[in-house]
>>> print(open('protein13.csv').read())   # CSV, C-alpha atoms and all ligand atoms
chain,number,residue,atom,x,y,z
M,28,MET,CA,89.0,97.4,105.3
M,29,SER,CA,86.8,99.4,103.0
M,30,PHE,CA,83.1,99.5,103.5
M,31,ILE,CA,80.9,99.4,100.4
M,32,ASN,CA,77.4,100.7,101.1
M,33,TYR,CA,75.1,99.9,98.2
M,34,PRO,CA,71.9,101.5,99.6
M,35,ALA,CA,73.8,104.8,100.2
M,36,ARG,CA,75.9,104.2,97.0
M,37,GLU,CA,79.1,105.0,98.9
M,38,ILE,CA,82.6,103.6,99.2
M,39,ASN,CA,84.2,104.3,102.5
M,40,CYS,CA,88.0,103.9,103.0
M,41,LYS,CA,90.3,104.6,105.9
M,42,ILE,CA,93.7,106.3,105.5
M,43,VAL,CA,96.1,106.7,108.3
M,44,TYR,CA,98.9,109.2,108.6
M,45,TYR,CA,101.8,107.6,110.5
M,46,GLY,CA,105.1,109.0,111.7
M,47,PRO,CA,107.2,110.2,114.6
M,48,GLY,CA,106.0,112.9,117.0
M,49,LEU,CA,105.9,116.5,115.5
M,50,CYS,CA,106.7,115.4,111.9
M,51,GLY,CA,103.6,117.2,110.7
M,52,LYS,CA,100.7,114.6,110.5
M,53,THR,CA,98.1,116.9,112.2
M,54,THR,CA,99.4,119.8,110.0
M,55,ASN,CA,98.6,117.7,106.9
M,56,LEU,CA,95.0,117.2,108.0
M,57,GLN,CA,94.7,120.9,108.9
M,58,PHE,CA,95.8,122.0,105.5
M,59,ILE,CA,93.5,119.6,103.8
M,60,TYR,CA,90.6,120.8,105.9
M,61,LYS,CA,91.4,124.4,105.2
M,62,LYS,CA,91.6,123.9,101.4
M,63,THR,CA,88.5,121.6,100.9
M,64,ASN,CA,85.1,122.8,99.9
M,65,PRO,CA,82.6,122.8,102.9
M,66,ASP,CA,80.4,120.3,101.0
M,67,ALA,CA,83.2,117.8,100.6
M,68,LYS,CA,84.3,117.6,104.2
M,69,GLY,CA,83.0,116.9,107.6
M,70,LYS,CA,84.2,118.3,110.9
M,71,MET,CA,87.8,117.8,111.8
M,72,ILE,CA,88.1,116.2,115.2
M,73,SER,CA,91.3,116.4,117.3
M,74,LEU,CA,91.7,114.5,120.5
M,75,ALA,CA,94.7,116.4,121.8
M,76,THR,CA,96.4,117.3,125.0
M,77,GLU,CA,96.4,120.9,126.3
M,78,THR,CA,99.7,121.4,124.5
M,79,GLU,CA,98.1,120.4,121.2
M,80,ARG,CA,100.0,117.1,121.0
M,81,THR,CA,97.7,114.4,119.5
M,82,LEU,CA,96.4,112.2,122.3
M,83,PHE,CA,94.4,109.6,120.5
M,84,PHE,CA,93.8,110.6,117.0
M,85,ASP,CA,92.8,113.4,114.5
M,86,PHE,CA,89.9,112.5,112.2
M,87,LEU,CA,88.7,114.2,109.0
M,88,PRO,CA,86.1,112.7,106.7
M,89,LEU,CA,86.5,113.8,103.1
M,90,SER,CA,84.5,113.2,99.9
M,91,LEU,CA,86.6,112.9,96.7
M,92,GLY,CA,83.8,112.7,94.1
M,93,GLU,CA,82.0,109.9,92.4
M,94,ILE,CA,83.1,106.7,90.6
M,95,ARG,CA,80.4,105.0,88.5
M,96,GLY,CA,77.7,106.5,90.7
M,97,PHE,CA,79.4,105.7,93.9
M,98,LYS,CA,80.5,108.5,96.3
M,99,THR,CA,84.0,107.9,97.4
M,100,ARG,CA,84.5,108.9,101.0
M,101,PHE,CA,87.9,108.8,102.7
M,102,HIS,CA,88.3,108.9,106.5
M,103,LEU,CA,91.7,110.4,107.3
M,104,TYR,CA,93.2,109.6,110.7
M,105,THR,CA,96.5,110.6,112.3
M,106,VAL,CA,98.2,108.6,115.1
M,107,PRO,CA,99.9,110.2,118.1
M,108,GLY,CA,103.6,110.1,117.4
M,109,GLN,CA,105.0,109.9,120.9
M,110,VAL,CA,106.6,106.5,121.7
M,111,PHE,CA,104.4,105.9,124.7
M,112,TYR,CA,101.2,106.0,122.8
M,113,ASP,CA,101.7,102.7,121.1
M,114,ALA,CA,98.3,101.3,122.2
M,115,SER,CA,96.5,104.2,120.5
M,116,ARG,CA,98.5,103.7,117.3
M,117,LYS,CA,97.5,100.0,117.2
M,118,LEU,CA,93.8,100.8,117.6
M,119,ILE,CA,93.9,103.4,114.8
M,120,LEU,CA,95.6,101.0,112.4
M,121,LYS,CA,92.6,98.6,112.7
M,122,GLY,CA,90.9,98.3,109.4
M,123,VAL,CA,93.3,100.6,107.6
M,124,ASP,CA,93.1,100.7,103.8
M,125,GLY,CA,96.1,102.9,103.0
M,126,ILE,CA,99.0,104.4,104.9
M,127,ILE,CA,101.0,107.7,104.5
M,128,PHE,CA,104.3,107.7,106.4
M,129,VAL,CA,105.2,111.3,107.2
M,130,ALA,CA,108.9,111.6,107.7
M,131,ASP,CA,110.5,114.6,109.4
M,132,SER,CA,113.3,115.8,107.1
M,133,GLN,CA,115.4,117.3,109.8
M,134,ILE,CA,118.6,115.5,110.1
M,135,GLU,CA,118.3,115.1,113.9
M,136,ARG,CA,115.0,113.4,113.5
M,137,MET,CA,116.3,110.6,111.2
M,138,GLU,CA,116.5,108.1,114.0
M,139,ALA,CA,113.0,108.9,115.1
M,140,ASN,CA,111.8,108.3,111.5
M,141,VAL,CA,113.5,104.9,111.3
M,142,GLU,CA,112.1,104.0,114.7
M,143,SER,CA,108.6,105.0,113.7
M,144,ILE,CA,108.7,102.9,110.5
M,145,GLU,CA,109.9,99.9,112.4
M,146,ASN,CA,107.1,100.4,114.9
M,147,LEU,CA,104.6,100.7,112.0
M,148,LYS,CA,105.8,97.4,110.5
M,149,ILE,CA,105.5,95.6,113.8
M,150,ASN,CA,102.0,97.0,114.5
M,151,LEU,CA,100.9,96.0,111.0
M,152,ILE,CA,102.1,92.5,111.2
M,153,GLU,CA,100.3,92.1,114.5
M,154,GLN,CA,97.1,92.7,112.6
M,155,GLY,CA,98.0,90.4,109.7
M,156,TYR,CA,98.9,93.2,107.3
M,157,SER,CA,102.3,94.1,105.9
M,158,LEU,CA,103.8,97.2,104.4
M,159,ASP,CA,104.4,95.3,101.1
M,160,SER,CA,100.8,94.4,100.6
M,161,ILE,CA,98.9,97.5,101.7
M,162,PRO,CA,98.7,100.8,99.7
M,163,TYR,CA,101.6,102.8,101.1
M,164,VAL,CA,103.4,106.1,100.3
M,165,ILE,CA,106.0,108.2,101.9
M,166,GLN,CA,106.0,111.9,102.5
M,167,TYR,CA,109.3,113.8,103.2
M,168,ASN,CA,108.0,116.7,105.2
M,169,LYS,CA,109.5,120.0,106.4
M,170,ARG,CA,111.6,120.4,103.2
M,171,ASP,CA,111.7,124.2,103.9
M,172,LEU,CA,113.9,123.8,106.9
M,173,PRO,CA,117.7,124.5,106.6
M,174,ASN,CA,118.6,121.4,108.5
M,175,ALA,CA,116.6,119.1,106.1
M,176,ALA,CA,118.6,116.0,105.1
M,177,PRO,CA,119.2,115.3,101.4
M,178,ILE,CA,116.4,113.3,99.7
M,179,GLU,CA,118.8,110.6,98.5
M,180,GLU,CA,119.9,109.9,102.1
M,181,MET,CA,116.3,109.8,103.3
M,182,ARG,CA,115.3,107.5,100.5
M,183,LYS,CA,118.1,105.1,101.3
M,184,LEU,CA,117.1,105.0,104.9
M,185,LEU,CA,113.3,105.1,104.7
M,186,ASN,CA,112.3,103.9,101.2
M,187,PRO,CA,114.5,101.1,100.1
M,188,ASN,CA,111.6,99.5,98.2
M,189,GLY,CA,110.9,102.6,96.2
M,190,VAL,CA,107.2,103.2,97.1
M,191,PRO,CA,105.7,106.5,95.8
M,192,GLU,CA,107.3,109.4,97.6
M,193,PHE,CA,106.6,113.1,97.9
M,194,GLU,CA,108.4,116.1,99.2
M,195,SER,CA,106.3,118.5,101.2
M,196,VAL,CA,106.0,121.5,103.4
M,197,ALA,CA,102.7,120.7,105.2
M,198,SER,CA,102.6,124.0,107.0
M,199,GLU,CA,102.5,125.8,103.7
M,200,GLY,CA,100.7,123.2,101.6
M,201,PRO,CA,103.1,122.0,98.8
M,202,GLY,CA,103.0,118.2,98.5
M,203,VAL,CA,100.0,117.7,100.9
M,204,PHE,CA,97.4,116.9,98.3
M,205,GLU,CA,99.8,115.1,96.0
M,206,THR,CA,100.5,112.6,98.8
M,207,LEU,CA,96.9,112.1,99.6
M,208,LYS,CA,95.8,111.6,96.0
M,209,SER,CA,98.6,109.1,95.5
M,210,VAL,CA,97.5,106.8,98.3
M,211,ALA,CA,93.8,107.3,97.6
M,212,LYS,CA,94.4,106.1,94.1
M,213,LEU,CA,96.3,103.0,95.3
M,214,VAL,CA,93.4,102.2,97.6
M,215,LEU,CA,90.9,102.4,94.8
M,216,VAL,CA,93.1,100.3,92.5
M,217,GLU,CA,93.2,97.7,95.3
M,218,LEU,CA,89.4,97.8,95.7
M,219,LYS,CA,89.1,97.2,91.9
M,220,LYS,CA,91.3,94.1,92.3
M,221,GLY,CA,88.9,93.0,94.9
M,222,GLY,CA,91.5,92.9,97.7
M,223,GLY,CA,89.7,95.4,99.9
M,224,GLY,CA,92.3,94.9,102.6
F,18,MET,CA,89.2,85.8,107.1
F,19,SER,CA,88.7,88.5,109.7
F,20,PHE,CA,89.5,91.3,107.3
F,21,SER,CA,86.9,90.5,104.7
F,22,GLN,CA,85.4,93.6,103.3
F,23,LEU,CA,82.2,94.9,104.7
F,24,ILE,CA,79.6,95.2,102.0
F,25,LEU,CA,76.1,96.3,102.7
F,26,TYR,CA,73.3,95.3,100.3
F,27,GLU,CA,69.8,96.7,100.0
F,28,GLU,CA,68.2,93.6,101.5
F,29,GLU,CA,70.1,93.6,104.7
F,30,PHE,CA,69.9,97.3,104.9
F,31,HIS,CA,66.2,97.2,105.1
F,32,LYS,CA,66.2,94.4,107.7
F,33,ILE,CA,68.6,96.4,109.8
F,34,ASN,CA,66.5,99.5,109.5
F,35,ASP,CA,63.4,97.6,110.5
F,36,VAL,CA,65.2,96.4,113.7
F,37,LEU,CA,66.4,99.9,114.5
F,38,THR,CA,63.0,101.5,113.8
F,39,LYS,CA,61.3,99.0,116.1
F,40,LEU,CA,63.8,99.6,118.9
F,41,TYR,CA,63.4,103.3,118.4
F,42,SER,CA,59.7,103.2,119.0
F,43,GLU,CA,59.9,100.6,121.8
F,44,THR,CA,62.3,102.7,123.8
F,45,ASN,CA,61.3,106.3,123.0
F,46,ALA,CA,64.9,106.9,122.1
F,47,LYS,CA,66.1,110.1,120.3
F,48,VAL,CA,68.6,108.5,118.0
F,49,ILE,CA,69.9,105.1,117.3
F,50,PHE,CA,72.8,104.2,115.0
F,51,LEU,CA,75.0,101.4,114.0
F,52,VAL,CA,78.7,101.7,113.5
F,53,ASP,CA,81.3,99.3,112.2
F,54,ARG,CA,84.2,98.7,114.6
F,55,ASN,CA,86.4,100.8,112.3
F,56,GLY,CA,84.2,103.8,112.7
F,57,GLN,CA,82.1,103.7,109.6
F,58,LEU,CA,78.4,104.6,110.0
F,59,ILE,CA,76.2,101.7,108.8
F,60,ALA,CA,72.7,102.9,109.5
F,61,ASN,CA,70.8,105.4,111.7
F,62,THR,CA,67.3,106.3,112.7
F,63,GLY,CA,65.6,109.0,114.7
F,64,GLU,CA,66.4,112.7,115.2
F,65,THR,CA,69.6,112.8,113.2
F,66,GLU,CA,69.2,116.1,111.3
F,67,ASN,CA,71.3,118.2,113.6
F,68,LEU,CA,73.6,115.5,114.6
F,69,ASP,CA,77.1,115.0,113.2
F,70,THR,CA,76.7,111.2,112.8
F,71,THR,CA,80.0,110.8,110.9
F,72,SER,CA,82.0,112.2,113.8
F,73,LEU,CA,80.0,110.4,116.4
F,74,ALA,CA,80.6,107.1,114.5
F,75,SER,CA,84.3,107.6,114.5
F,76,LEU,CA,84.5,108.6,118.2
F,77,THR,CA,82.2,105.7,119.1
F,78,ALA,CA,84.6,103.3,117.5
F,79,GLY,CA,87.5,104.9,119.2
F,80,ASN,CA,85.7,104.7,122.5
F,81,ILE,CA,85.0,101.0,122.0
F,82,ALA,CA,88.5,100.3,121.0
F,83,ALA,CA,89.9,102.1,124.0
F,84,THR,CA,87.5,100.4,126.3
F,85,GLY,CA,88.4,97.0,124.8
F,86,SER,CA,92.1,97.7,125.6
F,87,MET,CA,91.1,98.6,129.2
F,88,ALA,CA,89.3,95.3,129.4
F,89,LYS,CA,92.3,93.4,128.3
F,90,LEU,CA,94.5,95.1,130.9
F,91,LEU,CA,92.0,93.8,133.5
F,92,GLY,CA,91.9,90.3,132.0
F,93,GLU,CA,88.4,90.8,130.7
F,94,LYS,CA,87.5,89.7,127.1
F,95,GLU,CA,85.7,92.9,126.5
F,96,PHE,CA,83.2,95.3,128.0
F,97,THR,CA,80.1,94.7,126.0
F,98,ILE,CA,78.2,97.7,127.3
F,99,ILE,CA,79.2,101.3,127.8
F,100,PHE,CA,76.9,103.9,129.3
F,101,HIS,CA,77.4,107.6,129.4
F,102,GLU,CA,75.1,109.6,131.6
F,103,GLY,CA,74.6,113.3,130.8
F,104,TYR,CA,72.4,116.1,132.2
F,105,ARG,CA,69.9,115.8,129.4
F,106,ASP,CA,71.0,113.0,127.1
F,107,ASN,CA,72.4,109.6,127.8
F,108,ILE,CA,74.3,107.3,125.5
F,109,TYR,CA,74.0,103.5,125.7
F,110,ILE,CA,76.6,101.7,123.6
F,111,SER,CA,76.6,97.9,123.1
F,112,ILE,CA,78.6,95.5,120.9
F,113,VAL,CA,76.6,93.5,118.6
F,114,GLY,CA,77.8,90.2,117.2
F,115,ARG,CA,81.4,91.1,118.1
F,116,ARG,CA,81.7,93.2,115.1
F,117,VAL,CA,79.2,96.0,115.1
F,118,ILE,CA,78.4,98.7,117.6
F,119,MET,CA,74.9,99.9,118.4
F,120,VAL,CA,74.4,103.3,119.9
F,121,VAL,CA,71.2,104.5,121.6
F,122,ILE,CA,70.8,108.1,122.6
F,123,PHE,CA,67.9,108.8,124.9
F,124,ASP,CA,66.6,111.4,127.4
F,125,GLU,CA,64.1,111.4,130.2
F,126,ARG,CA,61.3,110.1,127.9
F,127,SER,CA,63.1,106.7,128.2
F,128,SER,CA,65.1,104.9,130.9
F,129,LEU,CA,68.3,102.9,131.1
F,130,GLY,CA,66.4,99.8,132.2
F,131,LEU,CA,64.1,99.9,129.2
F,132,VAL,CA,66.9,100.6,126.7
F,133,ARG,CA,69.0,97.8,128.2
F,134,LEU,CA,66.2,95.3,128.0
F,135,ARG,CA,65.1,96.2,124.4
F,136,ALA,CA,68.6,96.7,123.1
F,137,LYS,CA,69.5,93.2,124.0
F,138,LYS,CA,66.7,91.7,121.9
F,139,SER,CA,67.5,94.0,119.0
F,140,GLY,CA,71.2,93.0,119.3
F,141,ASP,CA,70.3,89.4,118.9
F,142,ASP,CA,68.2,90.1,115.8
F,143,LEU,CA,71.1,92.2,114.3
F,144,THR,CA,73.6,89.6,115.0
F,145,LYS,CA,71.7,87.2,112.9
F,146,ILE,CA,71.4,89.7,110.1
F,147,PHE,CA,75.1,90.5,110.1
F,148,ASP,CA,76.0,86.8,110.2
F,149,ASP,CA,74.0,86.3,107.1
F,150,LEU,CA,75.5,89.3,105.5
F,151,LEU,CA,79.0,88.2,106.1
F,152,ASN,CA,78.3,84.7,104.6
F,153,LYS,CA,76.9,86.4,101.6
F,154,VAL,CA,79.9,88.7,101.2
F,155,ASP,CA,82.3,85.7,101.7
F,156,SER,CA,80.5,83.6,99.1
F,157,LYS,CA,80.5,86.4,96.6
F,158,THR,CA,84.2,87.1,97.2
F,159,GLU,CA,84.9,83.4,96.7
F,160,GLU,CA,83.3,83.6,93.3
F,161,GLY,CA,85.9,86.2,92.7
F,162,VAL,CA,83.6,89.0,91.9
F,163,SER,CA,84.8,92.3,93.2
F,164,PRO,CA,81.9,94.8,93.2
F,165,PHE,CA,84.3,97.2,91.7
F,166,ALA,CA,86.0,95.0,89.1
F,167,GLU,CA,84.3,97.1,86.4
F,168,ILE,CA,85.9,100.4,87.4
F,169,THR,CA,88.7,101.3,85.1
F,170,ASP,CA,92.0,103.1,85.7
F,171,ASP,CA,90.5,105.8,83.7
F,172,ASP,CA,87.6,106.2,86.2
F,173,ILE,CA,90.1,106.5,89.0
F,174,ASP,CA,92.2,109.0,87.1
F,175,LYS,CA,89.2,111.1,86.4
F,176,LEU,CA,88.4,111.4,90.1
F,177,PHE,CA,91.8,113.1,90.6
F,178,SER,CA,91.8,115.4,87.6
F,179,GLU,CA,89.7,118.3,88.9
W,1,LIG,N1,108.8,124.5,109.0
W,1,LIG,C1,107.9,123.5,109.0
W,1,LIG,N2,107.2,123.3,110.0
W,1,LIG,C2,106.2,122.3,109.9
W,1,LIG,C3,105.9,121.6,108.7
W,1,LIG,N3,104.9,120.8,108.9
W,1,LIG,C4,104.5,120.9,110.2
W,1,LIG,N4,105.3,121.8,110.9
W,1,LIG,C5,105.3,122.2,112.3
W,1,LIG,O1,105.7,121.1,113.1
W,1,LIG,C6,105.0,121.2,114.3
W,1,LIG,C7,104.4,119.8,114.6
W,1,LIG,O2,103.4,119.5,113.7
W,1,LIG,P1,102.2,118.5,114.0
W,1,LIG,O3,101.3,118.5,112.7
W,1,LIG,O4,101.5,118.9,115.2
W,1,LIG,O5,103.0,117.1,114.2
W,1,LIG,P2,102.4,115.7,114.5
W,1,LIG,O6,102.8,115.3,115.8
W,1,LIG,O7,103.0,114.8,113.4
W,1,LIG,O8,100.9,115.7,114.4
W,1,LIG,C8,104.0,122.3,114.2
W,1,LIG,O9,104.5,123.4,114.9
W,1,LIG,C9,103.9,122.5,112.7
W,1,LIG,O10,103.5,123.8,112.5
W,1,LIG,C10,106.7,122.0,107.6
W,1,LIG,O11,106.6,121.4,106.5
W,1,LIG,N5,107.7,122.9,107.7
W,2,MG,MG,99.4,115.2,115.8
>>> encode(input="protein13.csv", output="structure tokens")
Amino acid sequence: MSFINYPAREINCKIVYYGPGLCGKTTNLQFIYKKTNPDAKGKMISLATETERTLFFDFLPLSLGEIRGFKTRFHLYTVPGQVFYDASRKLILKGVDGIIFVADSQIERMEANVESIENLKINLIEQGYSLDSIPYVIQYNKRDLPNAAPIEEMRKLLNPNGVPEFESVASEGPGVFETLKSVAKLVLVELKKGGGG
Amino acid sequence: MSFSQLILYEEEFHKINDVLTKLYSETNAKVIFLVDRNGQLIANTGETENLDTTSLASLTAGNIAATGSMAKLLGEKEFTIIFHEGYRDNIYISIVGRRVIMVVIFDERSSLGLVRLRAKKSGDDLTKIFDDLLNKVDSKTEEGVSPFAEITDDDIDKLFSE
């Protein structure tokens, strides 16, 4: 649910990075944080365990520039991937405007990817959303690893509907901004239609 | 429906600010701000210069969301007030009109009793303002006017073509 603030001349949107544990969601945010001008970003907040596993969420506010005199501000969130943190994931999905599903390309993580997408669908439906109606893109991450599954295979398994998809190496950067821009654009197009979530 | 977009107009913004300013002076608070349940900052007043209000807004919403889930586990509808006591500053958080979160930060120049008393009254005033605002947004949406209908694909493309 976007928030349009006329007095401040701002559009605020919420984007959530979803995916199985250790697929690279936090790494996406860290890279974006590192590469963004100080005036375009706020502080990055990570609520993590001592072992750096995301406990509740990561949060990064980002400004993308102006449209017709309105500042566009995107609030990026990641969810904890571990199966037992489902309650946290539900909370973070509240009011979401766009979703990036980060898939782990390693063959042995395919089942975890599928499980996580199923979990996403269920949690969205609980809130009256669906993956077909919300701005949604997929990122195939960790393409640099030797045990990465072929893209065609991942597509068949994770992207049967052919939503926009991107290959990435979040730890190095390639694909990170392409993915974000793609979903941000879909969110703005939705806003233009007057859907607004 | 429940996901209708939140749109803030000048008129309500001024009314909201008036309520916050009044509460601010009545309680001797340091900072007061309003946050949407999704973590978006709506308005703030007081000594905000050195405060990361964007982060605070997001964490406040996370805090309320987590507390709400705790309430459900106990069979409560929700906890409408959360209070954090610090060595110097205290944070008083209350849910306003089920949809918005009001945060009052105060130190020893004020007191919990005073904040609680005054915040309740302000909460009622704000509830009314937000009810009116939502009706306004709904009626405009029904007319089928998106405030951003005028933006073009070109505008959107430009945003991404650094
Ligand atoms: N080789 C490789 N490692 C990655 C990539 N992206 C993330 N990682 C690593 O994967 C681990 C888990 O990443 P993290 O972002 O914490 O996962 P999260 O649980 O989804 O937030 C970290 O050690 C990252 O450095 C990638 O594209 N390639
Ligand atoms: Mg993480």
>>> interface_residues(input="protein13.csv", of="chain M", to="chain F", cutoff="10 Å", atoms="only C-alpha atoms", output="compact mmCIF listing (two decimals) with C-alpha atoms, keeping the file's coordinate frame")
# COMPACT_ATOMS: atom_id res chain seq x y z
CA MET M 28 89.00 97.40 105.30
CA SER M 29 86.80 99.40 103.00
CA PHE M 30 83.10 99.50 103.50
CA ILE M 31 80.90 99.40 100.40
CA ASN M 32 77.40 100.70 101.10
CA TYR M 33 75.10 99.90 98.20
CA PRO M 34 71.90 101.50 99.60
CA ALA M 35 73.80 104.80 100.20
CA ARG M 36 75.90 104.20 97.00
CA GLU M 37 79.10 105.00 98.90
CA ILE M 38 82.60 103.60 99.20
CA ASN M 39 84.20 104.30 102.50
CA CYS M 40 88.00 103.90 103.00
CA LYS M 41 90.30 104.60 105.90
CA GLY M 69 83.00 116.90 107.60
CA LYS M 70 84.20 118.30 110.90
CA MET M 71 87.80 117.80 111.80
CA ILE M 72 88.10 116.20 115.20
CA LEU M 74 91.70 114.50 120.50
CA PHE M 83 94.40 109.60 120.50
CA PHE M 84 93.80 110.60 117.00
CA PHE M 86 89.90 112.50 112.20
CA LEU M 87 88.70 114.20 109.00
CA PRO M 88 86.10 112.70 106.70
CA LEU M 91 86.60 112.90 96.70
CA GLY M 92 83.80 112.70 94.10
CA GLU M 93 82.00 109.90 92.40
CA ILE M 94 83.10 106.70 90.60
CA ARG M 95 80.40 105.00 88.50
CA THR M 99 84.00 107.90 97.40
CA HIS M 102 88.30 108.90 106.50
CA TYR M 104 93.20 109.60 110.70
CA ALA M 114 98.30 101.30 122.20
CA SER M 115 96.50 104.20 120.50
CA LYS M 117 97.50 100.00 117.20
CA LEU M 118 93.80 100.80 117.60
CA ILE M 119 93.90 103.40 114.80
CA LEU M 120 95.60 101.00 112.40
CA LYS M 121 92.60 98.60 112.70
CA GLY M 122 90.90 98.30 109.40
CA VAL M 123 93.30 100.60 107.60
CA GLN M 154 97.10 92.70 112.60
CA GLY M 155 98.00 90.40 109.70
CA TYR M 156 98.90 93.20 107.30
CA GLU M 205 99.80 115.10 96.00
CA LYS M 208 95.80 111.60 96.00
CA SER M 209 98.60 109.10 95.50
CA ALA M 211 93.80 107.30 97.60
CA LYS M 212 94.40 106.10 94.10
CA LEU M 213 96.30 103.00 95.30
CA LEU M 215 90.90 102.40 94.80
CA VAL M 216 93.10 100.30 92.50
CA GLU M 217 93.20 97.70 95.30
CA LEU M 218 89.40 97.80 95.70
CA LYS M 219 89.10 97.20 91.90
CA LYS M 220 91.30 94.10 92.30
CA GLY M 221 88.90 93.00 94.90
CA GLY M 222 91.50 92.90 97.70
CA GLY M 223 89.70 95.40 99.90
CA GLY M 224 92.30 94.90 102.60
>>> residues_near_ligand(input="protein13.csv", ligand="ligand MG 2 (chain W)", cutoff="6 Å", atoms="all atoms listed in the file", output="NGL selection string")
:M and (52-53 or 80-81 or 107)
>>> residues_near_ligand(input="protein13.csv", ligand="ligand LIG 1 (chain W)", cutoff="7 Å", atoms="all atoms listed in the file", output="compact mmCIF listing (two decimals) with C-alpha atoms, in the frame of the given file")
# COMPACT_ATOMS: atom_id res chain seq x y z
CA GLY M 46 105.10 109.00 111.70
CA PRO M 47 107.20 110.20 114.60
CA GLY M 48 106.00 112.90 117.00
CA LEU M 49 105.90 116.50 115.50
CA CYS M 50 106.70 115.40 111.90
CA GLY M 51 103.60 117.20 110.70
CA LYS M 52 100.70 114.60 110.50
CA THR M 53 98.10 116.90 112.20
CA THR M 54 99.40 119.80 110.00
CA ASN M 55 98.60 117.70 106.90
CA ARG M 80 100.00 117.10 121.00
CA THR M 81 97.70 114.40 119.50
CA PRO M 107 99.90 110.20 118.10
CA GLY M 108 103.60 110.10 117.40
CA ASN M 168 108.00 116.70 105.20
CA LYS M 169 109.50 120.00 106.40
CA ARG M 170 111.60 120.40 103.20
CA ASP M 171 111.70 124.20 103.90
CA LEU M 172 113.90 123.80 106.90
CA SER M 195 106.30 118.50 101.20
CA VAL M 196 106.00 121.50 103.40
CA ALA M 197 102.70 120.70 105.20
CA SER M 198 102.60 124.00 107.00
CA GLU M 199 102.50 125.80 103.70
>>> residues_near_point(input="protein13.csv", point="(68.1, 90.7, 120.8)", cutoff="12 Å", atoms="all atoms listed in the file", output="number ranges by chain")
F: 36-37, 39-40, 111-114, 119, 132-146
>>> atom_distance(input="protein13.csv", atom1="CA of Asp131 in chain M", atom2="CA of Lys68 in chain M")
26.9 Å
>>> closest_residue(input="protein13.csv", among="F:Leu150, F:Leu129, F:Phe100, F:Tyr41", to="Thr62 in chain F", atoms="all atoms listed in the file")
F:Tyr41
>>> atom_distance(input="protein13.csv", atom1="CA of Ala176 in chain M", atom2="CA of Met137 in chain M")
8.5 Å
>>> residues_near_point(input="protein13.csv", point="(73.0, 106.7, 115.8)", cutoff="6 Å", atoms="all atoms listed in the file", output="list of chain:residue names")
F:Val48, F:Ile49, F:Phe50, F:Leu51, F:Asn61, F:Val120
>>> write_last_selection(input="protein13.csv", atoms="C-alpha atoms", output="PDB file, keeping the file's coordinate frame")
ATOM      1  CA  VAL F  48      68.600 108.500 118.000  1.00  0.00           C
ATOM      2  CA  ILE F  49      69.900 105.100 117.300  1.00  0.00           C
ATOM      3  CA  PHE F  50      72.800 104.200 115.000  1.00  0.00           C
ATOM      4  CA  LEU F  51      75.000 101.400 114.000  1.00  0.00           C
ATOM      5  CA  ASN F  61      70.800 105.400 111.700  1.00  0.00           C
ATOM      6  CA  VAL F 120      74.400 103.300 119.900  1.00  0.00           C
TER       7      VAL F 120
END
>>> closest_residue(input="protein13.csv", among="M:Ile126, M:Leu147, M:Ile165, M:Leu207", to="Leu89 in chain M", atoms="only C-alpha atoms")
M:Leu207
